[in-house]
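> Sharing a structure, written as structure tokens. Questions coming.
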Amino acid sequence: MATAVIAQHSKPNLAADVRAGLCRPGQKELPSKYLYDEIGSALFEVVSVLPEYGLTRADERLLHRHAADIVSRLKPQVLVAELGSGSGKKTRWLLEALARRQCTTYCPIEISPTALARCENELSGIDRISIVGFERPYLDGLLAAAARRAENDRLLVLFLGSTIGNFDRDAAERFLTEVRRILFPGDALLLGTDLEKPLPQLLAAYDDSLGVTAAFNLNLLARINRELDADFDLAAFRHEARYDTEHQRVEMHLRSLRDQIVSIPRSGCRVSFLKDETVWTESSHKYRAEDISAIARRNGFHCDSQWIDTEWPFAESLLFAE
Ligand SMILES: C[S@@+](CC[C@H](N)C(=O)[O-])C[C@H]1O[C@@H](n2cnc3c(N)ncnc32)[C@H](O)[C@@H]1O
């Protein structure tokens, strides 16, 4: 049905964030949101079908099997907003179930214009679904989507793919509180979370044998070369996935293979790397299904229902705003 795109509002500042993350004392870091330029978004699509990365398939199995049940728990007439939709492939099952009930507006919210375009393309053919995409950061986009709701609309926010795991635990809770502030009582949040699993399985998911995840991670340096005229030698860095037991998270790093200095002219800096020093590029926190209810309660929601994939432990939790 209809498709519209609302242009970007507050643009992320790659140059400033690179300078802040690489010139700080101690552990160098780059925000994971910058992994998703055109090449990064395409590589993530490949990661999501790798044999080692069961997460996306588990999320999709749950949505496919339980879409009708999920939709039956929602009050009639919802406006759907999806945070970080990516290609939106899995969302089809929910939208089709909603469309059987009513005409529905779907608002994918994406920082990556490539991912947003792919999502709109992927889902544009569903009868009785209108798409209004927002190329904006999560909360900006959610505010804009919420402003479109009609008087009797409930909001259904989708946060799938365990993207919440990219936030540190405290930041994840603060984020849920911010989302809750935008919602009205009775609005819903469908939250996908990857669950703890054996270490070899977890590490392989973030360090596959084909090297696609390595390319996804290294592309961040290539992006900085392309967009900020930097001179990173990609062969002088190696992708690394490690598990932090204390924080129950997989971390992706880029390890410098030698002492080196990199110029990043558009960030106005030169950065020294020691051999074996790393840049931390992404965290993927793993959750326990039984913790989701308490997390929901602490941030103004209650957990109505939860569906768990047993093949690849993953939870889909339907939360309602109190
Ligand atoms: C891990 S991927 C998940 C994609 C999809 N939801 C899935 O489950 O396969 C995270 C997505 O969120 C987007 N993203 C990351 N940070 C964002 C931000 N701050 N605001 C909006 N989108 C963001 C990325 O571009 C990417 O497409």
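Each chain in the structure tokens gets a letter, A, B, ..., in the order shown, and its residues are numbered from 1; ligands are numbered from 1 in order too.
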From a DSSP pass on the backbone, collect the residues of region 157-285 of chain A flagged as strand (DSSP E) and hand them back as a VMD selection string.

chain A and resid 157 to 159 188 to 194 237 to 244 249 to 256 260 to 264 269 to 273 278 to 285

> Collect all residues with atoms no farther than 7 Å from ligand 1, counting only C-alpha atoms and all ligand atoms, and output them as a list in words.

Ser32, Lys33, Tyr36, Ser41, Ser48, Thr56, Leu83, Gly84, Ser85, Gly86, Ser87, Gly88, Ile109, Glu110, Ile111, Ser112, Ala115, Arg136, Pro137, Tyr138, Phe159, Leu160, Gly161, Ser162 and Thr163 of chain A

> Restricting the calculation to only C-alpha atoms, which member of A:Tyr206, A:Tyr106, A:Tyr287, A:Phe320 is positioned closest to Ile164 (chain A)?

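Checking each candidate against Ile164 (chain A), we get A:Tyr287 as the closest.
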
> Identify, on the basis of only C-alpha atoms, every residue whose closest approach to region 303-316 of chain A does not exceed 10 Å; exclude the query and any residue fewer than 5 positions from it along the same chain; express the result as a VMD selection string.

chain A and resid 53 to 63 65 to 66 69 to 70 73 159 to 162 188 to 197 201 286 to 290 292 to 297 321

> Would you output that residue set with N, CA and C atoms, as a compact mmCIF listing (two decimals), in the first residue's frame?


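Wrote it out as part.txt, contents follow:
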# COMPACT_ATOMS: atom_id res chain seq x y z
N TYR A 53 25.03 -18.07 13.27
CA TYR A 53 24.27 -16.98 13.89
C TYR A 53 22.79 -17.37 13.93
N GLY A 54 22.42 -18.12 14.97
CA GLY A 54 21.05 -18.63 15.04
C GLY A 54 20.03 -17.60 15.52
N LEU A 55 20.52 -16.45 15.95
CA LEU A 55 19.66 -15.46 16.60
C LEU A 55 18.50 -14.99 15.72
N THR A 56 18.81 -14.59 14.49
CA THR A 56 17.76 -14.04 13.61
C THR A 56 16.74 -15.12 13.26
N ARG A 57 17.23 -16.35 13.03
CA ARG A 57 16.28 -17.43 12.69
C ARG A 57 15.36 -17.72 13.87
N ALA A 58 15.91 -17.68 15.11
CA ALA A 58 15.08 -17.94 16.29
C ALA A 58 14.01 -16.86 16.42
N ASP A 59 14.43 -15.61 16.26
CA ASP A 59 13.50 -14.48 16.35
C ASP A 59 12.39 -14.66 15.30
N GLU A 60 12.80 -15.02 14.10
CA GLU A 60 11.81 -15.16 13.02
C GLU A 60 10.88 -16.34 13.28
N ARG A 61 11.43 -17.47 13.78
CA ARG A 61 10.57 -18.63 14.08
C ARG A 61 9.47 -18.23 15.06
N LEU A 62 9.87 -17.48 16.10
CA LEU A 62 8.88 -17.08 17.12
C LEU A 62 7.82 -16.17 16.51
N LEU A 63 8.25 -15.21 15.69
CA LEU A 63 7.28 -14.28 15.11
C LEU A 63 6.35 -15.01 14.14
N ARG A 65 5.55 -18.29 14.18
CA ARG A 65 4.64 -19.21 14.88
C ARG A 65 3.58 -18.49 15.69
N HIS A 66 3.95 -17.35 16.27
CA HIS A 66 3.07 -16.75 17.29
C HIS A 66 2.46 -15.42 16.89
N ASP A 69 -1.21 -15.05 17.78
CA ASP A 69 -1.40 -14.98 19.23
C ASP A 69 -0.98 -13.60 19.76
N ILE A 70 0.16 -13.11 19.27
CA ILE A 70 0.65 -11.78 19.70
C ILE A 70 -0.40 -10.72 19.36
N ARG A 73 -3.59 -10.40 21.42
CA ARG A 73 -3.47 -9.79 22.76
C ARG A 73 -3.50 -8.26 22.72
N PHE A 159 10.98 -3.97 19.17
CA PHE A 159 12.43 -3.85 19.34
C PHE A 159 12.96 -5.27 19.27
N LEU A 160 13.25 -5.72 18.05
CA LEU A 160 13.52 -7.14 17.78
C LEU A 160 15.02 -7.39 17.67
N GLY A 161 15.36 -8.66 17.37
CA GLY A 161 16.75 -8.99 17.03
C GLY A 161 17.72 -8.84 18.19
N SER A 162 17.21 -8.70 19.41
CA SER A 162 18.06 -8.48 20.60
C SER A 162 18.95 -7.26 20.45
N ALA A 188 2.00 -1.07 23.78
CA ALA A 188 2.75 -2.33 23.92
C ALA A 188 4.16 -2.21 23.36
N LEU A 189 5.04 -3.02 23.94
CA LEU A 189 6.42 -3.14 23.43
C LEU A 189 6.71 -4.63 23.26
N LEU A 190 7.03 -5.04 22.05
CA LEU A 190 7.45 -6.43 21.81
C LEU A 190 8.97 -6.44 21.76
N LEU A 191 9.56 -7.11 22.75
CA LEU A 191 11.01 -7.03 22.95
C LEU A 191 11.64 -8.40 22.68
N GLY A 192 12.57 -8.46 21.73
CA GLY A 192 13.30 -9.70 21.44
C GLY A 192 14.63 -9.68 22.18
N THR A 193 14.91 -10.74 22.95
CA THR A 193 16.20 -10.79 23.68
C THR A 193 16.86 -12.14 23.46
N ASP A 194 18.13 -12.10 23.13
CA ASP A 194 18.89 -13.34 23.02
C ASP A 194 19.25 -13.81 24.43
N LEU A 195 19.16 -15.14 24.64
CA LEU A 195 19.36 -15.67 26.00
C LEU A 195 20.74 -16.31 26.12
N GLU A 196 21.15 -16.49 27.37
CA GLU A 196 22.45 -17.12 27.63
C GLU A 196 22.48 -18.50 26.99
N LYS A 197 23.67 -18.88 26.52
CA LYS A 197 23.84 -20.20 25.94
C LYS A 197 25.29 -20.61 26.05
N GLN A 201 29.12 -21.77 21.39
CA GLN A 201 28.04 -21.39 20.48
C GLN A 201 27.96 -19.85 20.37
N LYS A 286 23.61 -10.82 26.92
CA LYS A 286 22.70 -11.96 26.90
C LYS A 286 21.84 -11.93 28.17
N TYR A 287 20.60 -12.30 28.01
CA TYR A 287 19.64 -12.18 29.11
C TYR A 287 19.16 -13.54 29.58
N ARG A 288 18.53 -13.56 30.76
CA ARG A 288 17.81 -14.75 31.22
C ARG A 288 16.33 -14.44 31.08
N ALA A 289 15.58 -15.37 30.52
CA ALA A 289 14.15 -15.10 30.23
C ALA A 289 13.42 -14.63 31.48
N GLU A 290 13.80 -15.24 32.62
CA GLU A 290 13.06 -14.94 33.87
C GLU A 290 13.36 -13.53 34.39
N ILE A 292 13.27 -10.81 32.49
CA ILE A 292 12.62 -9.77 31.66
C ILE A 292 11.45 -9.11 32.41
N SER A 293 10.68 -9.93 33.17
CA SER A 293 9.52 -9.36 33.90
C SER A 293 9.97 -8.28 34.87
N ALA A 294 11.07 -8.55 35.60
CA ALA A 294 11.55 -7.59 36.60
C ALA A 294 12.07 -6.33 35.89
N ILE A 295 12.77 -6.52 34.79
CA ILE A 295 13.28 -5.36 34.02
C ILE A 295 12.09 -4.52 33.55
N ALA A 296 11.05 -5.21 33.05
CA ALA A 296 9.85 -4.51 32.58
C ALA A 296 9.24 -3.70 33.73
N ARG A 297 9.08 -4.35 34.87
CA ARG A 297 8.42 -3.68 36.02
C ARG A 297 9.20 -2.45 36.47
N ALA A 321 2.61 -1.05 28.67
CA ALA A 321 2.91 0.13 29.49
C ALA A 321 1.87 0.24 30.59

> In terms of the shortest atom-to-atom distance over only C-alpha atoms, which of A:Arg154, A:Arg298, A:Arg169, A:Arg238 is closest to Glu277 (chain A)?

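Checking each candidate against Glu277 (chain A), we get A:Arg238 as the closest.
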
> Extract, using only C-alpha atoms, all DNA, RNA and protein residues at most 10 Å from Ile182 (chain A), discarding same-chain residues fewer than 5 positions from it, and format them as a list in words.

Leu139, Leu142, Leu143, Ala146, Ala147, Leu155, Thr177 and Asp187 of chain A

> Applying 12 Å and only C-alpha atoms, which residues near Asp37 (chain A) remain after dropping the ones on its own chain fewer than 2 positions away? List them as a PyMOL selection string.

chain A and resi 14+32-35+39-44+86+110-116+216-217+219-224+226-227

> Compile the contact shell of Ser256 (chain A) as number ranges by chain: residues with an atom at most 12 Å away, counting only C-alpha atoms, same-chain residues fewer than 5 positions apart removed.

A: 28, 218, 221, 232-240, 261-262, 271-280

> Go ahead and write the selection's residues with C-alpha atoms as a PDB file, in the first residue's frame.


ATOM      1  CA  LYS A  28      39.260   2.988  22.851  1.00  0.00           C
ATOM      2  CA  LEU A 218      36.490  -4.124   9.987  1.00  0.00           C
ATOM      3  CA  LEU A 221      37.495   1.323   9.953  1.00  0.00           C
ATOM      4  CA  PHE A 232      43.547   2.929   8.611  1.00  0.00           C
ATOM      5  CA  ASP A 233      45.459  -0.058   7.182  1.00  0.00           C
ATOM      6  CA  LEU A 234      42.787  -2.767   7.507  1.00  0.00           C
ATOM      7  CA  ALA A 235      45.434  -5.507   7.336  1.00  0.00           C
ATOM      8  CA  ALA A 236      46.944  -4.094  10.541  1.00  0.00           C
ATOM      9  CA  PHE A 237      43.790  -4.828  12.577  1.00  0.00           C
ATOM     10  CA  ARG A 238      42.094  -8.143  13.398  1.00  0.00           C
ATOM     11  CA  HIS A 239      38.492  -8.853  14.406  1.00  0.00           C
ATOM     12  CA  GLU A 240      38.066 -10.412  17.827  1.00  0.00           C
ATOM     13  CA  ILE A 261      49.604   5.988  14.142  1.00  0.00           C
ATOM     14  CA  VAL A 262      46.445   6.683  12.136  1.00  0.00           C
ATOM     15  CA  VAL A 271      45.569   8.368  16.967  1.00  0.00           C
ATOM     16  CA  SER A 272      48.356   6.103  18.309  1.00  0.00           C
ATOM     17  CA  PHE A 273      47.712   2.400  18.712  1.00  0.00           C
ATOM     18  CA  LEU A 274      50.028   0.062  20.612  1.00  0.00           C
ATOM     19  CA  LYS A 275      50.472  -3.496  19.375  1.00  0.00           C
ATOM     20  CA  ASP A 276      47.602  -5.585  20.846  1.00  0.00           C
ATOM     21  CA  GLU A 277      45.588  -2.561  21.898  1.00  0.00           C
ATOM     22  CA  THR A 278      41.919  -2.926  20.915  1.00  0.00           C
ATOM     23  CA  VAL A 279      39.023  -0.747  19.834  1.00  0.00           C
ATOM     24  CA  TRP A 280      35.747  -1.963  21.357  1.00  0.00           C
TER      25      TRP A 280
END

> Go through A:Val80, A:Val250, A:Pro265, A:Phe167 and flag the residue nearest Pro200 (chain A), using only C-alpha atoms for the distances.

A:Val250

> When you count only C-alpha atoms, which of these residues is closest to Leu158 (chain A): A:Leu210, A:Ala172, A:Cys103, A:Ala81?

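Of the candidates, the smallest distance to Leu158 (chain A) is held by A:Ala81.
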
> Select, from A:Leu30, A:Ala15, A:Ala97, A:Ala117, the residue with the minimum atom-to-atom distance to Ser267 (chain A), counting only C-alpha atoms.

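Answer, going by the shortest atom-to-atom distance: A:Ala15.
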
> To one decimal in Å, tell me the separation between CA of Arg128 (chain A) and CA of Ala99 (chain A).

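So the two atoms, CA of Arg128 (chain A) and CA of Ala99 (chain A), lie 5.6 Å apart.
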
> Residues near region 242-244 of chain A, anyone? I mean within 9 Å using only C-alpha atoms, not counting same-chain ones fewer than 4 positions away, as number ranges by chain.

A: 199, 202-203, 206, 248-253

> Calculated over only C-alpha atoms, which of the candidates A:Pro76, A:Gly26, A:Gly300, A:Gly141 has the smallest distance to Arg180 (chain A)?

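The answer is A:Gly300, which sits nearest to Arg180 (chain A).
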
> Please run DSSP on the backbone and report, as a ChimeraX atom specification, all residues within region 118-209 of chain A that come out as helix (DSSP H, G or I).

/A:118-123,138-146,163-166,169-182,199-205
